[in-house]
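**Q** Input structure: entry.txt, which contains compact mmCIF, C-alpha atoms and all ligand atoms.
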```txt
# COMPACT_ATOMS: atom_id res chain seq x y z
CA MET A 450 75.52 179.41 143.62
CA ILE A 451 73.66 182.29 145.26
CA LEU A 452 74.00 186.01 144.61
CA CYS A 453 73.14 188.03 147.73
CA LEU A 454 72.60 191.76 147.27
CA ASP A 455 72.07 194.35 150.02
CA ALA A 456 71.00 197.72 148.65
CA GLY A 457 71.64 200.47 151.20
CA ASN A 458 71.20 204.22 150.93
CA THR A 459 74.87 204.87 150.07
CA ARG A 460 76.09 201.71 148.32
CA PHE A 461 75.13 198.18 147.47
CA LYS A 462 76.88 195.16 148.92
CA CYS A 463 77.18 192.03 146.85
CA GLY A 464 78.17 188.49 147.78
CA VAL A 465 78.40 185.25 145.81
CA HIS A 466 78.22 182.02 147.84
CA ASP A 467 78.93 178.60 146.32
CA GLY A 468 77.25 176.56 149.05
CA GLN A 469 80.50 176.20 151.02
CA ARG A 470 82.02 179.65 151.16
CA TRP A 471 81.82 183.21 149.86
CA CYS A 472 83.56 183.51 146.46
CA MET A 473 83.14 187.27 146.63
CA GLN A 474 81.92 189.93 149.05
CA GLN A 475 82.23 193.56 148.05
CA ALA A 476 80.66 197.00 148.40
CA PHE A 477 80.01 198.97 145.20
CA ASP A 478 78.85 202.44 144.27
CA TYR A 479 75.49 202.37 142.48
CA ASP A 480 77.17 203.32 139.16
CA ALA A 481 78.41 199.71 139.07
CA LEU A 482 74.95 198.12 139.36
CA PRO A 483 74.01 198.00 135.65
CA ASP A 484 77.35 196.25 134.85
CA LEU A 485 77.40 193.94 137.84
CA ALA A 486 76.87 190.83 135.71
CA ASN A 487 80.33 191.44 134.17
CA LEU A 488 81.98 191.80 137.58
CA LEU A 489 80.77 188.50 139.05
CA PRO A 490 83.32 185.66 139.31
CA VAL A 491 80.69 183.05 138.33
CA VAL A 492 77.15 182.93 137.02
CA PRO A 493 74.79 182.54 140.01
CA ARG A 494 71.61 180.45 139.94
CA HIS A 495 69.48 182.61 142.21
CA MET A 496 69.54 186.08 143.67
CA VAL A 497 68.30 187.03 147.17
CA ALA A 498 68.15 190.75 147.81
CA CYS A 499 67.03 193.38 150.27
CA ASN A 500 66.60 197.04 149.45
CA VAL A 501 66.05 200.14 151.57
CA ALA A 502 67.10 202.54 148.79
CA GLY A 503 63.77 203.02 147.00
CA SER A 504 61.90 201.94 143.89
CA ALA A 505 64.39 203.14 141.23
CA ILE A 506 67.08 200.91 142.76
CA GLN A 507 64.55 198.09 143.06
CA ARG A 508 63.95 198.27 139.31
CA LYS A 509 67.70 198.22 138.58
CA ILE A 510 68.07 195.07 140.69
CA GLU A 511 65.13 193.49 138.88
CA ASP A 512 66.83 194.41 135.58
CA LEU A 513 70.01 192.71 136.77
CA ALA A 514 68.14 189.50 137.59
CA TYR A 515 66.53 189.65 134.15
CA GLN A 516 69.93 190.21 132.50
CA LEU A 517 71.38 187.23 134.42
CA ALA A 518 68.21 185.22 133.68
CA ILE A 519 67.95 184.06 137.28
CA PRO A 520 65.08 184.14 139.79
CA LEU A 521 65.08 186.97 142.31
CA THR A 522 63.78 186.56 145.88
CA TRP A 523 63.19 189.77 147.82
CA LEU A 524 63.63 189.65 151.58
CA GLU A 525 60.89 191.73 153.19
CA SER A 526 60.48 192.11 156.93
CA ALA A 527 57.80 189.81 158.29
CA SER A 528 56.47 188.55 161.64
CA ALA A 529 58.93 185.66 161.71
CA CYS A 530 61.75 184.20 159.61
CA CYS A 531 64.62 181.73 160.19
CA GLY A 532 64.06 181.52 163.96
CA VAL A 533 63.65 185.28 164.52
CA ARG A 534 60.37 186.84 165.63
CA ASN A 535 59.73 190.48 164.88
CA GLY A 536 58.58 192.60 167.82
CA TYR A 537 57.99 195.79 165.78
CA ASP A 538 54.46 197.26 166.16
CA HIS A 539 54.11 196.81 162.39
CA PRO A 540 56.64 194.11 161.39
CA THR A 541 56.73 195.09 157.71
CA GLN A 542 57.85 198.62 158.67
CA LEU A 543 61.26 197.33 159.76
CA GLY A 544 64.02 197.91 157.20
CA ALA A 545 64.77 194.67 155.36
CA ASP A 546 68.51 195.21 155.96
CA ARG A 547 67.90 195.29 159.72
CA TRP A 548 65.75 192.15 159.42
CA ALA A 549 68.56 190.38 157.54
CA GLY A 550 71.08 191.51 160.20
CA LEU A 551 68.89 190.02 162.94
CA ILE A 552 68.48 186.75 161.01
CA ALA A 553 72.26 186.54 160.62
CA ALA A 554 72.81 187.29 164.30
CA ARG A 555 70.42 184.49 165.31
CA ALA A 556 72.15 182.04 162.97
CA LEU A 557 75.53 182.89 164.52
CA SER A 558 74.50 182.41 168.14
CA ALA A 559 71.48 181.86 170.39
CA GLU A 560 72.66 184.45 172.93
CA ALA A 561 70.98 187.81 173.36
CA ALA A 562 72.79 190.42 171.29
CA ILE A 563 72.79 194.04 170.25
CA VAL A 564 73.07 194.26 166.46
CA VAL A 565 74.67 197.48 165.18
CA LEU A 566 74.60 198.31 161.47
CA ALA A 567 76.72 201.40 160.92
CA GLY A 568 75.89 202.67 157.43
CA THR A 569 74.15 205.77 156.08
CA ALA A 570 72.07 205.47 159.21
CA THR A 571 73.21 203.63 162.31
CA THR A 572 70.74 201.12 163.68
CA ILE A 573 71.06 199.52 167.12
CA ASP A 574 68.73 196.54 167.54
CA LEU A 575 68.07 194.19 170.44
CA LEU A 576 67.68 190.48 169.73
CA ASP A 577 66.86 188.48 172.87
CA ALA A 578 67.96 184.93 173.72
CA GLU A 579 64.62 183.55 172.47
CA GLY A 580 65.24 185.04 169.03
CA VAL A 581 62.78 187.91 169.46
CA PHE A 582 63.68 191.30 167.98
CA ARG A 583 62.56 193.49 170.85
CA GLY A 584 63.14 196.94 169.34
CA GLY A 585 65.89 199.25 168.22
CA LEU A 586 67.21 202.72 167.49
CA ILE A 587 67.81 204.65 164.27
CA LEU A 588 70.41 207.42 164.30
CA PRO A 589 72.01 209.37 161.48
CA GLY A 590 75.22 207.55 160.53
CA LEU A 591 78.61 209.04 161.36
CA THR A 592 79.08 210.63 157.93
CA LEU A 593 75.52 211.92 157.85
CA MET A 594 75.90 213.54 161.29
CA ARG A 595 78.99 215.42 160.16
CA ARG A 596 77.46 216.36 156.80
CA THR A 597 74.24 217.61 158.40
CA LEU A 598 76.19 219.87 160.74
CA ALA A 599 78.16 221.31 157.83
CA ARG A 600 75.02 221.85 155.72
CA ASN A 601 73.05 223.60 158.45
CA THR A 602 75.68 225.90 159.94
CA SER A 603 77.77 228.61 158.36
CA GLY A 604 80.76 228.05 160.64
CA LEU A 605 81.26 224.30 160.29
CA ALA A 606 82.70 222.41 157.32
CA ASP A 607 82.57 218.69 156.56
CA VAL A 608 86.31 218.15 157.02
CA SER A 609 87.43 214.93 158.64
CA GLY A 610 88.68 215.27 162.18
CA HIS A 611 89.98 212.70 164.64
CA PHE A 612 88.50 211.22 167.78
CA ASN A 613 89.60 212.90 170.95
CA MET A 614 88.12 212.49 174.45
CA LEU A 615 88.29 216.24 174.92
CA PRO A 616 88.63 217.89 171.50
CA THR A 617 90.39 221.25 171.28
CA ASN A 618 89.71 222.08 167.63
CA THR A 619 86.58 222.29 165.47
CA ASN A 620 87.22 219.31 163.19
CA ASP A 621 88.00 216.96 166.07
CA ALA A 622 85.00 218.31 168.01
CA ILE A 623 82.67 217.40 165.12
CA ALA A 624 84.17 213.95 164.48
CA SER A 625 84.23 213.17 168.20
CA GLY A 626 80.68 214.47 168.72
CA ALA A 627 79.33 212.06 166.09
CA LEU A 628 81.30 209.18 167.59
CA TYR A 629 80.32 209.98 171.18
CA ALA A 630 76.61 210.17 170.22
CA THR A 631 76.75 206.81 168.47
CA LEU A 632 78.92 205.07 171.08
CA GLY A 633 76.75 206.49 173.85
CA ALA A 634 73.58 205.11 172.23
CA ILE A 635 75.18 201.66 171.80
CA GLU A 636 76.52 201.52 175.36
CA ARG A 637 73.24 202.80 176.80
CA MET A 638 71.32 200.10 174.92
CA ARG A 639 73.75 197.46 176.24
CA VAL A 640 73.43 198.68 179.85
CA THR A 641 69.67 199.26 179.95
CA GLN A 642 68.84 195.98 178.18
CA GLY A 643 71.47 193.87 179.93
CA ALA A 644 72.76 192.49 176.62
CA THR A 645 76.47 193.16 176.49
CA LYS A 646 77.22 191.02 173.43
CA CYS A 647 77.35 193.29 170.40
CA LEU A 648 77.61 192.44 166.69
CA LEU A 649 78.95 195.29 164.57
CA SER A 650 78.79 195.66 160.80
CA GLY A 651 78.46 198.29 158.06
CA GLY A 652 80.74 200.67 156.19
CA ALA A 653 81.41 202.83 159.26
CA ALA A 654 81.96 199.91 161.67
CA ALA A 655 85.75 200.35 161.68
CA ASP A 656 85.36 203.87 163.11
CA LEU A 657 83.30 202.57 166.05
CA LEU A 658 85.17 199.34 166.77
CA PRO A 659 88.23 200.74 168.64
CA HIS A 660 85.97 202.57 171.08
CA LEU A 661 83.55 199.78 172.05
CA ALA A 662 84.02 197.57 175.11
CA ALA A 663 84.22 193.75 174.77
CA PRO A 664 82.43 191.51 173.93
CA ILE A 665 82.19 193.05 170.49
CA HIS A 666 82.05 190.98 167.30
CA PRO A 667 82.86 192.82 164.07
CA ILE A 668 81.36 190.96 161.13
CA ASN A 669 81.93 192.03 157.54
CA TYR A 670 78.71 192.13 155.55
CA LEU A 671 76.36 190.84 158.27
CA VAL A 672 73.35 191.65 156.06
CA LEU A 673 74.72 189.37 153.30
CA GLU A 674 75.01 186.59 155.91
CA GLY A 675 71.33 187.07 156.73
CA LEU A 676 70.35 186.93 153.05
CA LEU A 677 72.33 183.70 152.74
CA GLN A 678 70.35 182.20 155.66
CA VAL A 679 67.13 183.10 153.86
CA ALA A 680 68.42 181.43 150.69
CA LYS A 681 69.37 178.30 152.64
CA ALA A 682 65.98 178.20 154.39
CA SER A 683 64.27 178.43 150.99
CA ALA A 684 66.49 175.58 149.73
CA LEU A 685 67.97 177.82 147.01
CA ASP A 686 71.47 176.87 145.92
N1 LIG B 1 84.45 203.77 150.39
C1 LIG B 1 83.36 204.18 151.04
N2 LIG B 1 82.32 204.66 150.35
C2 LIG B 1 81.21 205.07 150.98
N3 LIG B 1 81.06 205.04 152.33
C3 LIG B 1 82.08 204.59 153.08
C4 LIG B 1 83.27 204.13 152.47
N4 LIG B 1 84.10 203.71 153.46
C5 LIG B 1 83.46 203.92 154.62
N5 LIG B 1 82.25 204.46 154.41
C6 LIG B 1 81.29 204.76 155.49
O1 LIG B 1 80.30 203.77 155.38
C7 LIG B 1 79.02 204.36 155.29
C8 LIG B 1 78.21 203.54 154.32
O2 LIG B 1 78.16 202.23 154.84
P1 LIG B 1 77.25 201.13 154.18
O3 LIG B 1 77.17 200.02 155.16
O4 LIG B 1 77.70 200.81 152.80
O5 LIG B 1 75.87 201.95 154.12
P2 LIG B 1 74.47 201.69 153.42
O6 LIG B 1 74.11 200.25 153.71
O7 LIG B 1 73.57 202.65 154.10
O8 LIG B 1 74.61 201.97 151.96
C9 LIG B 1 79.24 205.79 154.83
O9 LIG B 1 78.23 206.64 155.33
C10 LIG B 1 80.58 206.09 155.45
O10 LIG B 1 80.41 206.50 156.81
C1 LIG B 2 67.04 202.65 158.97
C2 LIG B 2 67.43 202.56 157.51
C3 LIG B 2 67.25 203.93 156.86
C4 LIG B 2 68.92 202.14 157.43
O1 LIG B 2 69.34 202.26 156.10
P1 LIG B 2 70.89 202.18 155.68
O2 LIG B 2 71.68 202.95 156.66
O3 LIG B 2 71.27 200.72 155.72
O4 LIG B 2 70.99 202.68 154.29
C5 LIG B 2 66.61 201.44 156.78
O5 LIG B 2 66.73 200.24 157.46
C6 LIG B 2 65.14 201.82 156.66
O6 LIG B 2 64.75 202.57 155.78
N1 LIG B 2 64.30 201.26 157.56
C7 LIG B 2 62.86 201.45 157.56
C8 LIG B 2 62.39 201.99 158.87
C9 LIG B 2 62.70 201.10 160.07
O7 LIG B 2 63.54 200.21 160.02
O8 LIG B 2 62.02 201.31 161.09
K K B 3 72.45 200.92 158.53
```
Show me this structure written as structure tokens.

**A**
Amino acid sequence: MILCLDAGNTRFKCGVHDGQRWCMQQAFDYDALPDLANLLPVVPRHMVACNVAGSAIQRKIEDLAYQLAIPLTWLESASACCGVRNGYDHPTQLGADRWAGLIAARALSAEAAIVVLAGTATTIDLLDAEGVFRGGLILPGLTLMRRTLARNTSGLADVSGHFNMLPTNTNDAIASGALYATLGAIERMRVTQGATKCLLSGGAAADLLPHLAAPIHPINYLVLEGLLQVAKASALD
């Protein structure tokens, strides 16, 4: 019984796996973290976590493990793990959530793939057919793009608009601009790297999905799948 926890900059994602299947997979606001023990369907035996949200969140996750009285394994980016090799100049600089996403992608298939995590930031990473992470992009996420425009202009507000190929009002122009920028980066990565297969995950994935060309594989909680692989490789149960 493994508790997998992915701490992102907006929310944390939590999954409980019983060795056969996920008993729970859910995204929570950080307010819920101190009480998470009461929200779990079962008592886990181990926790595997990754965190890109800073040291205060790290301490809260450590407190949770203490409260549950279970060992906590942190996933940190490294040179290699679970059949993936890390091509970053400094492998430990890579966000642990991206590393988990790449590990999950490799476990799902041995084909080359673009891994897109659409969260607070959007990351677009290339995993080649040999399991090497070759490099990737970091963009502001869709919400962050819209919010940044609103914060830094006097004429634009953060009001949700709709996607339009040729927007004719301000709100749609902002929403469509953020989508075009993100879709353009994904498609350009696919074309220039010759890897058309694309795995898509993250809280904003649903906004991107209708606009991306096949083959596109939406996967809920890809980072949790990567953490589970790490748990399995460490023979945690
Ligand atoms: N209920 C929600 N709460 C927060 N963000 C949401 C929600 N539904 C969709 N989103 C979108 O998902 C993004 C957060 O995705 P997530 O994968 O949880 O990010 P992170 O891993 O960075 O915390 C937000 O920036 C927003 O675009
Ligand atoms: C790129 C990120 C900010 C994404 O964070 P998220 O959107 O998941 O909250 C995170 O993976 C991070 O802090 N990475 C470290 C730098 C890097 O990956 O190069
Ligand atoms: K992300």

**Q** Go through A:Gln516, A:Asn487, A:Thr592, A:Thr631 one by one, measure the shortest atom-to-atom distance of each to ligand LIG 1 (chain B) using only C-alpha atoms and all ligand atoms, and give the residue with the smallest value.

**A** A:Thr592

**Q** Around (73.3, 185.8, 144.4), as given in the file, which residues come within 8 Å? Count all atoms listed in the file and list them as a ChimeraX atom specification.

**A** /A:450-454,463-466,493-498

**Q** Show me a table, sorted first by chain and then by increasing residue number, of the residues of chain A having an atom at most 7 Å from ligand LIG 2 (chain B), each with its shortest atom pair and the distance in Å to one decimal, counting all atoms listed in the file and written as a tab-separated table.

**A**
```
residue	atom	partner	partner_atom	distance
A:Gly457	CA	B:LIG2	O4	3.9
A:Asn458	CA	B:LIG2	O4	3.7
A:Thr459	CA	B:LIG2	O4	6.1
A:Val501	CA	B:LIG2	O6	5.0
A:Ala502	CA	B:LIG2	O4	6.7
A:Gln542	CA	B:LIG2	O8	5.5
A:Leu543	CA	B:LIG2	O7	3.7
A:Gly544	CA	B:LIG2	N1	3.4
A:Ala545	CA	B:LIG2	O5	6.3
A:Asp546	CA	B:LIG2	O5	5.5
A:Arg547	CA	B:LIG2	O5	5.6
A:Ala567	CA	B:LIG2	O2	6.8
A:Gly568	CA	B:LIG2	O2	4.3
A:Thr569	CA	B:LIG2	O2	3.8
A:Ala570	CA	B:LIG2	O2	3.6
A:Thr571	CA	B:LIG2	O2	5.9
A:Thr572	CA	B:LIG2	C1	6.2
A:Ile587	CA	B:LIG2	C1	5.7
A:Gly590	CA	B:LIG2	O2	7.0
```

**Q** Generate a file of the selected residues that holds C-alpha atoms, formatted as a compact mmCIF listing (two decimals), in the frame of the given file.

**A**
```
# COMPACT_ATOMS: atom_id res chain seq x y z
CA GLY A 457 71.64 200.47 151.20
CA ASN A 458 71.20 204.22 150.93
CA THR A 459 74.87 204.87 150.07
CA VAL A 501 66.05 200.14 151.57
CA ALA A 502 67.10 202.54 148.79
CA GLN A 542 57.85 198.62 158.67
CA LEU A 543 61.26 197.33 159.76
CA GLY A 544 64.02 197.91 157.20
CA ALA A 545 64.77 194.67 155.36
CA ASP A 546 68.51 195.21 155.96
CA ARG A 547 67.90 195.29 159.72
CA ALA A 567 76.72 201.40 160.92
CA GLY A 568 75.89 202.67 157.43
CA THR A 569 74.15 205.77 156.08
CA ALA A 570 72.07 205.47 159.21
CA THR A 571 73.21 203.63 162.31
CA THR A 572 70.74 201.12 163.68
CA ILE A 587 67.81 204.65 164.27
CA GLY A 590 75.22 207.55 160.53
```

**Q** Need to verify the contact set: A:Ala529, 10 Å, all atoms listed in the file, exclusion of same-chain residues closer than 4 positions in sequence. Can you return it as a list in words?

**A**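 So, after excluding close chain neighbours, the residues are Val533, Arg534, Asn535, Gly536, Pro540, Trp548, Ile552, Gly580, Val581 and Phe582 of chain A.
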
**Q** Need to verify the contact set: A:Ala559, 9 Å, only C-alpha atoms, exclusion of same-chain residues closer than 5 positions in sequence. Can you return it as JSON, numbers by chain?

**A** {"A": [554, 577, 578, 579, 580]}

**Q** Report, in Å with one decimal, the straight-line distance from atom CA of A:Cys531 to atom CA of A:Val672.

**A**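 Atom CA of A:Val672 lies 13.8 Å from atom CA of A:Cys531.
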
**Q** Would you write out, as a Markdown table, a table of all residues in stretch 487-600 of chain A that have an atom no more than 6 Å from an atom of stretch 646-653 of chain A, listing for each the closest atom pair and the distance in Å to one decimal, considering all atoms listed in the file and ordering rows by chain and rising residue number?

**A**
```
| residue | atom | partner | partner_atom | distance |
| --- | --- | --- | --- | --- |
| A:Ala562 | CA | A:Lys646 | CA | 5.0 |
| A:Ile563 | CA | A:Cys647 | CA | 4.6 |
| A:Val564 | CA | A:Leu648 | CA | 4.9 |
| A:Val565 | CA | A:Leu649 | CA | 4.8 |
| A:Leu566 | CA | A:Ser650 | CA | 5.0 |
| A:Ala567 | CA | A:Gly651 | CA | 4.6 |
| A:Gly568 | CA | A:Gly651 | CA | 5.1 |
```

**Q** Restricting the calculation to all atoms listed in the file, which member of A:Val608, A:Thr541, A:Leu586, A:His666 is positioned closest to ligand K 3 (chain B)?

**A**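 The closest residue to ligand K 3 (chain B) is A:Leu586.
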
**Q** Closest to ligand LIG 1 (chain B) among A:Tyr670, A:Trp471, A:Tyr537, A:Phe612, using only C-alpha atoms and all ligand atoms?

**A**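 Using only C-alpha atoms and all ligand atoms, ligand LIG 1 (chain B) sits closest to A:Tyr670.
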
**Q** Let me know the centre plus edge lengths, in Å and rounded to one decimal, of a box with edges along x, y and z that contains all listed atoms of ligand LIG 1 (chain B) and is padded by 4 Å on every side, as AutoDock Vina command-line options.

**A**
```
--center_x 79.0 --center_y 203.3 --center_z 153.6 --size_x 18.9 --size_y 14.6 --size_z 14.5
```

**Q** Take atom CA of A:Leu677 and atom CA of A:Leu513 and report the distance between them in Å, one decimal.

**A**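 Computing it gives 18.5 Å between the two atoms.
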
**Q** Can you tell me, as a compact mmCIF listing (two decimals) with C-alpha atoms, in the frame of the given file, what residues are no more than 12 Å from A:Asp480 when counting only C-alpha atoms, ignoring any on the same chain fewer than 5 positions away?

**A**
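The resulting file, around-v1.txt, is shown below:
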```txt
# COMPACT_ATOMS: atom_id res chain seq x y z
CA THR A 459 74.87 204.87 150.07
CA ARG A 460 76.09 201.71 148.32
CA PHE A 461 75.13 198.18 147.47
CA LEU A 485 77.40 193.94 137.84
CA ILE A 506 67.08 200.91 142.76
CA LYS A 509 67.70 198.22 138.58
```

**Q** Report, in Å with one decimal, the straight-line distance from atom CA of A:Ser558 to atom C3 of ligand LIG 1 (chain B).

**A**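 Computed distance, atom CA of A:Ser558 to atom C3 of ligand LIG 1 (chain B), equals 27.9 Å.
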
**Q** Rank nothing, just name the residue among A:Leu685, A:Ala599, A:Leu488, A:Ala654 nearest to ligand LIG 1 (chain B), using all atoms listed in the file.

**A** A:Ala654

**Q** Counting all atoms listed in the file, which of A:Ala627, A:Asp574, A:Leu598, A:Lys681 gets nearest to ligand K 3 (chain B)?

**A**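 That would be A:Asp574, the residue with the smallest distance to ligand K 3 (chain B).
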
**Q** Extract, using only C-alpha atoms, all DNA, RNA and protein residues at most 10 Å from A:Gly610, discarding same-chain residues fewer than 4 positions from it, and format them as a PyMOL selection string.

**A** chain A and resi 595+616+618-625

**Q** Based on the selection just made, write C-alpha atoms of those residues as a PDB file, in the frame of the given file.

**A**
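See out_19.pdb below for the written result:
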```pdb
ATOM      1  CA  ARG A 595      78.990 215.420 160.160  1.00  0.00           C
ATOM      2  CA  PRO A 616      88.630 217.890 171.500  1.00  0.00           C
ATOM      3  CA  ASN A 618      89.710 222.080 167.630  1.00  0.00           C
ATOM      4  CA  THR A 619      86.580 222.290 165.470  1.00  0.00           C
ATOM      5  CA  ASN A 620      87.220 219.310 163.190  1.00  0.00           C
ATOM      6  CA  ASP A 621      88.000 216.960 166.070  1.00  0.00           C
ATOM      7  CA  ALA A 622      85.000 218.310 168.010  1.00  0.00           C
ATOM      8  CA  ILE A 623      82.670 217.400 165.120  1.00  0.00           C
ATOM      9  CA  ALA A 624      84.170 213.950 164.480  1.00  0.00           C
ATOM     10  CA  SER A 625      84.230 213.170 168.200  1.00  0.00           C
TER      11      SER A 625
END
```

**Q** Measuring between all atoms listed in the file, which one of A:Leu593, A:Ile573, A:Met473, A:Ala527 shows the shortest distance to ligand LIG 1 (chain B)?

**A**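 Counting all atoms listed in the file, the residue closest to ligand LIG 1 (chain B) is A:Leu593.
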